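A.B. asks: Have a look at the structure that comes next, please.
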Number of protein chains: 4
Amino acid sequence: MRAAVLHAAKDLRIESREAESPGPGQVRVRIANGGICGSDLHYYFDGGFGAIRVREPMVLGHEVAGLVDAVGDGVTGLAAGDRVALNPSLPCRTCRYCLAGAPNHCLDMNFYGSAMRMPHVQGAFADFVVAEAERCVKVPDTLPLTAAAVAEPLSVCLHAVRQAGPILGRRVLVTGQGPIGALCVAAARAAGALEIVATDVVDEPLQTSRRMGADRTINVAGEPDALAAYSGDKGHFDVLLEASGNQAAIRAALDVVRPGGVLVLVGLGGDITLPMNTVVAKELNLRGTFRFHEEFEWAVQSIASGRIDVAPVISDVIPLAEADHAFALAADRTKSMKVQLAFEE
Amino acid sequence: MRAAVLHAAKDLRIESREAESPGPGQVRVRIANGGICGSDLHYYFDGGFGAIRVREPMVLGHEVAGLVDAVGDGVTGLAAGDRVALNPSLPCRTCRYCLAGAPNHCLDMNFYGSAMRMPHVQGAFADFVVAEAERCVKVPDTLPLTAAAVAEPLSVCLHAVRQAGPILGRRVLVTGQGPIGALCVAAARAAGALEIVATDVVDEPLQTSRRMGADRTINVAGEPDALAAYSGDKGHFDVLLEASGNQAAIRAALDVVRPGGVLVLVGLGGDITLPMNTVVAKELNLRGTFRFHEEFEWAVQSIASGRIDVAPVISDVIPLAEADHAFALAADRTKSMKVQLAFEE
Amino acid sequence: MRAAVLHAAKDLRIESREAESPGPGQVRVRIANGGICGSDLHYYFDGGFGAIRVREPMVLGHEVAGLVDAVGDGVTGLAAGDRVALNPSLPCRTCRYCLAGAPNHCLDMNFYGSAMRMPHVQGAFADFVVAEAERCVKVPDTLPLTAAAVAEPLSVCLHAVRQAGPILGRRVLVTGQGPIGALCVAAARAAGALEIVATDVVDEPLQTSRRMGADRTINVAGEPDALAAYSGDKGHFDVLLEASGNQAAIRAALDVVRPGGVLVLVGLGGDITLPMNTVVAKELNLRGTFRFHEEFEWAVQSIASGRIDVAPVISDVIPLAEADHAFALAADRTKSMKVQLAFEE
Amino acid sequence: MRAAVLHAAKDLRIESREAESPGPGQVRVRIANGGICGSDLHYYFDGGFGAIRVREPMVLGHEVAGLVDAVGDGVTGLAAGDRVALNPSLPCRTCRYCLAGAPNHCLDMNFYGSAMRMPHVQGAFADFVVAEAERCVKVPDTLPLTAAAVAEPLSVCLHAVRQAGPILGRRVLVTGQGPIGALCVAAARAAGALEIVATDVVDEPLQTSRRMGADRTINVAGEPDALAAYSGDKGHFDVLLEASGNQAAIRAALDVVRPGGVLVLVGLGGDITLPMNTVVAKELNLRGTFRFHEEFEWAVQSIASGRIDVAPVISDVIPLAEADHAFALAADRTKSMKVQLAFEE
């Protein structure tokens with residue numbers, strides 16, 4: 001079988017490996033599609049991000065779906081041929097955070113394609129992946145596996161929206177319209193937002209966000225004053241979903257979110273400088289959001305039941321053999337949204 | 001102008017009255033459509049409910065929409081010809097509940113067509129209604145006024161759903177599929193419920209609830225054991241929206257709502273007997289829900305933007321002249337859902 | 001060693017048994033004091049409650065403290081001579097509720113002295129108890145073990161108060177002043193209640209509740225109209241902590257809790273009949289509360305640090321040999337509050 | 001009568017003015033004591049803070065208590081001789097924030113001794129103040145008016161604690177032990193915090209915080225590693241109450257607050273630079289807190305009932321004639337905590 005192994009920045013090799021057999025409690029999944037995530041891009045282009053660096057060869061990828069190919073002992077509820085989305089996160093289920101219902105903060109998390117621990121956790125950009133059965137969430141036969149492979153980033157966004165508290169009737173600003181921002185638009189819409197305004201500095205992704213449910217889109221580079229029109233009476237929006245990782249976006253949002261509003265920080269960034277007097281005087285709530293938990297099942301079911309249509313964010317499906325091209329494409333915001341690798345030939 | 005005046009139980013008279021002019025801060029609205037509510041039915045058939053009795057002639061009706069016909073002094077933002085939904089509730093804005101952001105508990109509420117206070121507050125089943133400008137919420141020209149007249153019951157349901165806390169990803173049971181139950185289904189769907197099961201003892205309304213977004217419907221009279229299948233592991237549902245006002249429905253729900261789940265009581269009823277040990281041991285939350293506040297604007301915007309399609313619940317539109325027929329029809333759950341009066345000729 | 005074994009209603013025998021050795025992960029605790037709980041009284045006088053019946057000989061008791069006497073293999077952090085309160089609950093840590101942070105709803109709970117499962121879980125009214133190490137919470141050498149043995153009922157009350165949401169600044173009514181009601185008063189006071197009114201139909205326990213922090217006490221049998229004075233403007237209290245299990249107490253509270261207020265049901269009772277219209281129209285929140293979780297550690301620390309003084313509720317400490325007398329005394333609300341057995345001779 | 005009028009930075013003049021008579025709905029209060037707040041210090045030493053500058057002569061002061069001296073028409077419930085704390089904030093009661101139960105964000109707030117609007121709102125450091133009756137909260141005759149004058153800063157701290165959600169059982173870190181930090185310690189203790197650690201860079205205020213209820217105090221200048229000991233397993237504290245306004249304090253806290261913890265920002269500061277990756281990956285909640293609302297009454301009642309003893313924070317009471325000395329003393333953290341002016345001679 002083939003696997004996409006990163007050896008160093010810009011050194012991604014399609015290698016041939018022996019397919020393993022599933023052990024007890026495991027299944028082998030023939031991967032069909034795998035989406036390229038922002039962290040994959042950081043690994044590919046920069047060899048990592050912040051203190052997290054690729055220090056040994058690592059298979060990339062954690063947004064995958066495929067077909068169950070072989071079933072290990074003791075596995076129930078899964079059979080060969082089942083179509084599944086693979087949950088890349090497997091928490092320990094015994095630490096204080098797992099037992100508090102917050103396994104996304106697990107002290108011993110196993111997350112596909114992550115260099116946070118040593119040895120690294122190998123990823124899922126491979127023809128076959130042997131996975132614990134509990135990672136598998138079945139999807140209907142009628143659902144394209146490209147859509148199923150969006151379950152993971154959608155679950156990030158559902159978790160982000162959840163951080164904002166009840167969304168029904170809320171006015172929501174979403175800053176940054178990469179795949180995560182666009183899926184946050186869809187998640188906010190699914191959660192009952194009454195008004196969704198999406199901003200970016202590039203036109204193309206804004207068009208996708210409109211299709212995902214934004215009521216209005218603003219190119220803040222092209223219309224620098226459009227957002228400020230929402231600053232009257234101390235602010236218009238109840239909620240900000242910040243997916244740009246950009247300081248200027250957050251600072252601008254502070255003026256248009258009403259007192260007591262919630263600013264959910266989805267986007268990753270480095271140091272950020274904020275005017276604390278504004279945060280204090282408006283009693284703003286800034287909340288980080290990290291990965292997901294039960295939202296993975298929500299995401300699969302939301303896609304499968306048609307509650308959320310993820311098709312607009314899937315811009316490209318590229319054969320594994322052209323992985324370098326796929327990564328380059330994924331890095332170009334004017335040409336792509338979510339780029340997926342296709343493993344079947 | 002004509003008005004539908006209730007003199008006593010089953011004594012509804014279409015009377016001719018002088019149309020008034022709007023005073024300062026008021027507008028006159030030419031009513032187009034008015035929905036018959038459960039409380040209207042109680043007034044019509046029983047002369048009231050509980051301690052609330054019709055003690056003087058009262059115009060019925062509080063679910064209306066129409067066109068602005070004349071504008072009083074000092075009114076801004078409204079002009080003749082504007083299409084509006086009329087908010088039947090006008091809180092005092094000065095009492096402790098109004099100032100606490102809970103005007104639905106106002107100590108001096110003015111609510112159309114209500115015999116709670118003496119003199120009664122006259123209702124809006126009339127060709128013209130003079131209303132305070134703040135009661136008027138504009139609707140787009142493209143929206144049928146039949147749909148606009150559903151804003152009021154929908155706002156009740158949005159408020160009910162809000163009582164349940166965040167709905168995103170929740171599994172919701174809705175008991176009782178009258179217009180309120182069916183609109184609760186739609187509201188729960190709009191708020192992101194992952195699974196919605198609707199129950200009733202009559203088939204016809206269940207079909208409507210399916211169209212409003214229920215994933216499954218159960219006639220608990222015809223399939224008495226179907227609901228019990230959800231009782232495993234202490235219960236399946238996170239949320240109950242109870243719109244039947246029926247004790248048996250609530251008791252049955254106690255077994256299928258998970259520990260810590262929320263049971264929102266929308267339906268009105270008299271004394272109800274519950275097994276407190278179950279409530280205690282499962283730490284269930286029972287919450288009443290009463291009327292609405294800002295949800296009226298949410299309802300109008302949700303209908304206007306297409307987020308919620310209320311058309312399936314509007315079963316009949318009957319000319320005012322046939323009001324007695326309309327009330328009889330509204331009381332027959334096998335033949336109607338929401339029955340509206342039409343005022344335009 | 002001796003153990004207090006219930007064979008049937010009113011058939012409690014002090015039996016001699018062989019003291020066991022602690023296995024791996026266990027310790028043996030020499031019990032010093034054990035409080036008699038309401039459920040112990042039900043077992044003793046009635047052979048059980050509701051569907052839960054004593055069907056085989058069962059050692060009673062779950063409110064105990066003592067000294068570590070022997071330590072099994074692999075236990076860290078505990079040594080012979082340590083003074084400990086014993087947590088009677090040991091959840092499975094693997095079921096859906098344990099992993100959701102709600103182990104008090106564990107699908108496989110092991111709770112001392114409970115006939116809910118068969119074979120029954122033996123209780124802790126014995127000279128020695130072999131317990132899993134994680135049940136032991138150390139208490140300071142300076143703390144009387146009588147006080148440490150109140151940790152369990154106090155943890156029930158801390159959990160109950162927690163169900164009410166933030167208590168700081170709240171006006172709280174506590175109905176029913178048995179040991180649980182009196183400890184609810186203390187817990188509400190510790191949590192920042194601004195005003196606490198305690199009611200009962202007997203004078204003696206009201207005196208204790210005053211010492212536990214009640215600002216006012218009302219004997220609702222002697223002053224039947226005193227509580228009604230709080231019904232103006234739709235109600236005075238933000239929170240009810242209901243510890244009487246009495247329908248009349250809950251019904252009376254519905255009139256004096258403000259709209260949107262929370263009624264926490266701590267007391268167990270059978271069927272209860274409530275006016276649903278009041279619950280609905282006032283949007284009241286009724287919430288059950290069941291046992292506790294992390295609050296057991298909070299209780300120990302609160303007692304140990306002096307935040308909560310439980311001494312006033314300990315009315316009697318009776319030698320094990322006089323257990324029948326102790327149970328009779330515990331059942332007489334005019335003569336006792338919390339009655340404890342003393343095991344050391 | 002005398003008033004302490006600021007003309008410019010360091011130009012505070014004790015001026016003689018005509019005492020006014022109370023109009024309808026007003027009372028005249030003979031001020032007894034007035035505490036010097038951090039904002040008063042900014043006005044006095046710097047002529048303002050940020051964009052807020054003293055642009056015309058302004059009487060300083062908003063933490064005052066005194067005796068009702070004369071009563072205007074239509075005032076009920078207040079009589080000459082009543083002892084009162086004066087609420088410096090008077091919201092408009094008609095704007096969207098007032099009607100949403102958040103009057104501290106009032107769009108037309110009248111707050112004593114504030115240069116935020118022009119003309120400035122005159123303050124209360126004067127022998128007599130004519131005040132709207134609703135500003136007056138009665139205090140018992142037995143309460144020293146020095147203590148009553150602490151109601152205002154205590155209400156700020158109660159509001160801050162409330163921003164953190166339920167505090168019962170929580171582990172709380174309080175950074176910065178000026179009067180606000182020390183009162184936050186007391187408020188957290190009153191709200192049920194299980195453990196309170198207080199930090200500062202100066203020893204003297206830490207001693208006060210210990211008396212206000214801190215379980216442990218750390219001079220982070222003297223023991224730079226002591227706080228880091230709380231960083232294991234992703235953090236120890238559930239809640240941070242940040243009262244230093246210091247970036248280093250907040251950054252250090254990010255490492256010792258557990259995932260999902262709440263960081264309440266009470267202290268004012270300018271731009272602050274935070275590592276967003278930590279906020280995101282730990283899902284931290286940063287919340288501003290601004291002034292207070294109903295907490296003013298809570299503060300008065302908490303002081304009056306003995307729930308909170310504010311005496312330890314009142315370090316100095318200085319005659320009005322020595323106002324310059326009082327301001328200098330208030331600015332020296334090693335010598336003073338709360339400095340009050342005394343108006344009675």
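All residue names refer to the structure tokens as shown: chains lettered A, B, ... in order, residues numbered from 1 in each chain, ligands numbered from 1 in order.
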Distance cut-off 12 Å, counting only C-alpha atoms - which residues of chain B neighbour chain A? Return them as a ChimeraX atom specification.

C.D. replies: /B:155,157-171,186-196,213-215,293-308

A.B. asks: Can I get the selected residues back with C-alpha atoms, as a short mmCIF file (atom, residue, chain, number, x, y, z; two decimals), in the first residue's frame?

C.D. replies:
data_model
loop_
_atom_site.label_atom_id
_atom_site.label_comp_id
_atom_site.auth_asym_id
_atom_site.auth_seq_id
_atom_site.Cartn_x
_atom_site.Cartn_y
_atom_site.Cartn_z
CA SER B 155 -42.31 33.07 18.57
CA CYS B 157 -42.07 28.01 20.06
CA LEU B 158 -38.75 29.76 19.59
CA HIS B 159 -38.99 30.92 23.18
CA ALA B 160 -39.83 27.38 24.26
CA VAL B 161 -36.84 25.96 22.45
CA ARG B 162 -34.66 28.61 24.01
CA GLN B 163 -35.72 27.43 27.46
CA ALA B 164 -34.02 24.14 26.68
CA GLY B 165 -30.57 25.68 26.40
CA PRO B 166 -28.33 24.96 23.42
CA ILE B 167 -30.12 22.63 20.99
CA LEU B 168 -27.27 22.02 18.57
CA GLY B 169 -26.62 18.29 18.46
CA ARG B 170 -29.44 17.50 20.88
CA ARG B 171 -31.95 14.68 20.51
CA ALA B 186 -39.60 23.47 13.15
CA ALA B 187 -38.01 25.60 15.84
CA ALA B 188 -35.98 22.68 17.18
CA ARG B 189 -34.87 21.85 13.67
CA ALA B 190 -33.88 25.47 13.07
CA ALA B 191 -31.93 25.46 16.32
CA GLY B 192 -29.82 22.50 15.27
CA ALA B 193 -31.46 19.46 16.82
CA LEU B 194 -29.75 16.33 15.55
CA GLU B 195 -32.78 14.10 15.88
CA ILE B 196 -36.43 14.99 16.31
CA GLY B 213 -38.78 18.64 10.15
CA ALA B 214 -39.48 15.64 12.36
CA ASP B 215 -37.15 12.73 11.59
CA HIS B 293 -40.10 38.50 24.02
CA GLU B 294 -37.49 39.29 21.39
CA GLU B 295 -38.40 35.98 19.76
CA PHE B 296 -41.23 37.80 17.96
CA GLU B 297 -38.69 39.58 15.81
CA TRP B 298 -36.76 36.36 15.39
CA ALA B 299 -39.91 34.67 14.18
CA VAL B 300 -40.65 37.32 11.62
CA GLN B 301 -37.09 37.28 10.33
CA SER B 302 -36.93 33.49 10.30
CA ILE B 303 -40.07 33.29 8.22
CA ALA B 304 -39.07 36.18 5.97
CA SER B 305 -35.58 34.81 5.29
CA GLY B 306 -36.85 31.32 4.58
CA ARG B 307 -35.06 29.81 7.57
CA ILE B 308 -38.40 28.42 8.74
#

A.B. asks: Applying 10 Å and only C-alpha atoms, which residues near Arg117 (chain D) remain after dropping the ones on its own chain fewer than 2 positions away? List them as a list in words.

C.D. replies: Ile52, Arg53, Val54, Arg55, Asp108, Met109, Asn110, Phe111, Ser114, Ala115, Pro119, His120 and Val121 of chain D

A.B. asks: Report as JSON, numbers by chain all protein, DNA and RNA residues lying within 7 Å of region 135-144 of chain B, evaluated on only C-alpha atoms, omitting residues in the same chain fewer than 6 positions from it.

C.D. replies: {"B": [82, 83, 84, 85, 86, 87, 88, 297, 300, 304]}

A.B. asks: Using only C-alpha atoms, determine which residues lie at most 12 Å from Val317 (chain C), disregarding the query and same-chain residues fewer than 4 positions distant; provide the list as a list in words.

C.D. replies: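 My list of contacting residues is Ala32, Asn33, Gly34, Gly35, Ile36, Leu145, Thr146, Ala147, Ala149, Ala311, Val313, Ala321, Glu322, Ala323, His325, Ala326, Phe327, Leu329, Ala330, Ser336, Met337, Lys338, Val339, Gln340, Leu341, Ala342, Phe343 and Glu344 of chain C.
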
A.B. asks: Write the residues of the selection above to a file with N, CA and C atoms, as a short mmCIF file (atom, residue, chain, number, x, y, z; two decimals), in the first residue's frame.

C.D. replies:
data_model
loop_
_atom_site.label_atom_id
_atom_site.label_comp_id
_atom_site.auth_asym_id
_atom_site.auth_seq_id
_atom_site.Cartn_x
_atom_site.Cartn_y
_atom_site.Cartn_z
N ALA C 32 -14.92 4.87 62.84
CA ALA C 32 -15.12 5.55 64.12
C ALA C 32 -16.58 5.96 64.30
N ASN C 33 -17.13 6.61 63.28
CA ASN C 33 -18.49 7.13 63.39
C ASN C 33 -19.25 6.91 62.10
N GLY C 34 -20.55 6.69 62.26
CA GLY C 34 -21.39 6.52 61.09
C GLY C 34 -22.75 7.14 61.32
N GLY C 35 -23.14 8.04 60.43
CA GLY C 35 -24.42 8.73 60.58
C GLY C 35 -25.56 7.91 60.00
N ILE C 36 -26.72 8.02 60.63
CA ILE C 36 -27.92 7.35 60.15
C ILE C 36 -28.65 8.28 59.19
N LEU C 145 -13.84 13.05 64.05
CA LEU C 145 -14.37 12.14 63.03
C LEU C 145 -15.89 12.17 62.99
N THR C 146 -16.51 12.65 64.05
CA THR C 146 -17.96 12.89 63.95
C THR C 146 -18.25 13.90 62.85
N ALA C 147 -17.46 14.97 62.79
CA ALA C 147 -17.65 15.96 61.73
C ALA C 147 -17.32 15.37 60.37
N ALA C 149 -17.71 12.45 59.37
CA ALA C 149 -18.78 11.55 58.94
C ALA C 149 -19.99 12.31 58.41
N ALA C 311 -21.14 20.97 63.11
CA ALA C 311 -21.40 20.53 64.48
C ALA C 311 -22.86 20.68 64.90
N VAL C 313 -25.58 20.16 63.50
CA VAL C 313 -26.54 19.13 63.07
C VAL C 313 -26.31 17.78 63.74
N ALA C 321 -23.74 -0.67 70.16
CA ALA C 321 -24.51 -1.66 70.90
C ALA C 321 -25.96 -1.21 71.10
N GLU C 322 -26.18 0.10 71.05
CA GLU C 322 -27.54 0.63 71.23
C GLU C 322 -28.14 1.08 69.90
N ALA C 323 -27.86 0.34 68.87
CA ALA C 323 -28.28 0.75 67.52
C ALA C 323 -29.79 0.93 67.42
N HIS C 325 -31.90 1.80 69.64
CA HIS C 325 -32.23 3.08 70.25
C HIS C 325 -31.85 4.24 69.30
N ALA C 326 -30.70 4.12 68.69
CA ALA C 326 -30.23 5.17 67.79
C ALA C 326 -31.21 5.36 66.63
N PHE C 327 -31.68 4.26 66.07
CA PHE C 327 -32.63 4.38 64.96
C PHE C 327 -33.95 4.99 65.42
N LEU C 329 -34.35 7.06 67.87
CA LEU C 329 -34.09 8.47 68.12
C LEU C 329 -34.03 9.25 66.80
N ALA C 330 -33.37 8.66 65.82
CA ALA C 330 -33.22 9.36 64.53
C ALA C 330 -34.56 9.59 63.86
N SER C 336 -34.12 14.81 67.75
CA SER C 336 -32.79 14.62 67.16
C SER C 336 -32.70 15.28 65.80
N MET C 337 -31.46 15.55 65.40
CA MET C 337 -31.17 15.89 64.00
C MET C 337 -30.38 14.70 63.46
N LYS C 338 -29.11 14.86 63.25
CA LYS C 338 -28.31 13.73 62.77
C LYS C 338 -27.86 12.88 63.96
N VAL C 339 -28.24 11.61 63.92
CA VAL C 339 -27.80 10.66 64.93
C VAL C 339 -26.68 9.82 64.34
N GLN C 340 -25.58 9.73 65.07
CA GLN C 340 -24.46 8.90 64.61
C GLN C 340 -24.25 7.71 65.54
N LEU C 341 -23.79 6.63 64.95
CA LEU C 341 -23.32 5.50 65.74
C LEU C 341 -21.83 5.69 66.02
N ALA C 342 -21.41 5.29 67.21
CA ALA C 342 -19.99 5.32 67.57
C ALA C 342 -19.48 3.88 67.61
N PHE C 343 -18.40 3.61 66.89
CA PHE C 343 -17.90 2.23 66.81
C PHE C 343 -16.78 1.96 67.78
N GLU C 344 -15.99 2.96 68.08
CA GLU C 344 -14.90 2.74 69.03
C GLU C 344 -15.49 2.57 70.42
#
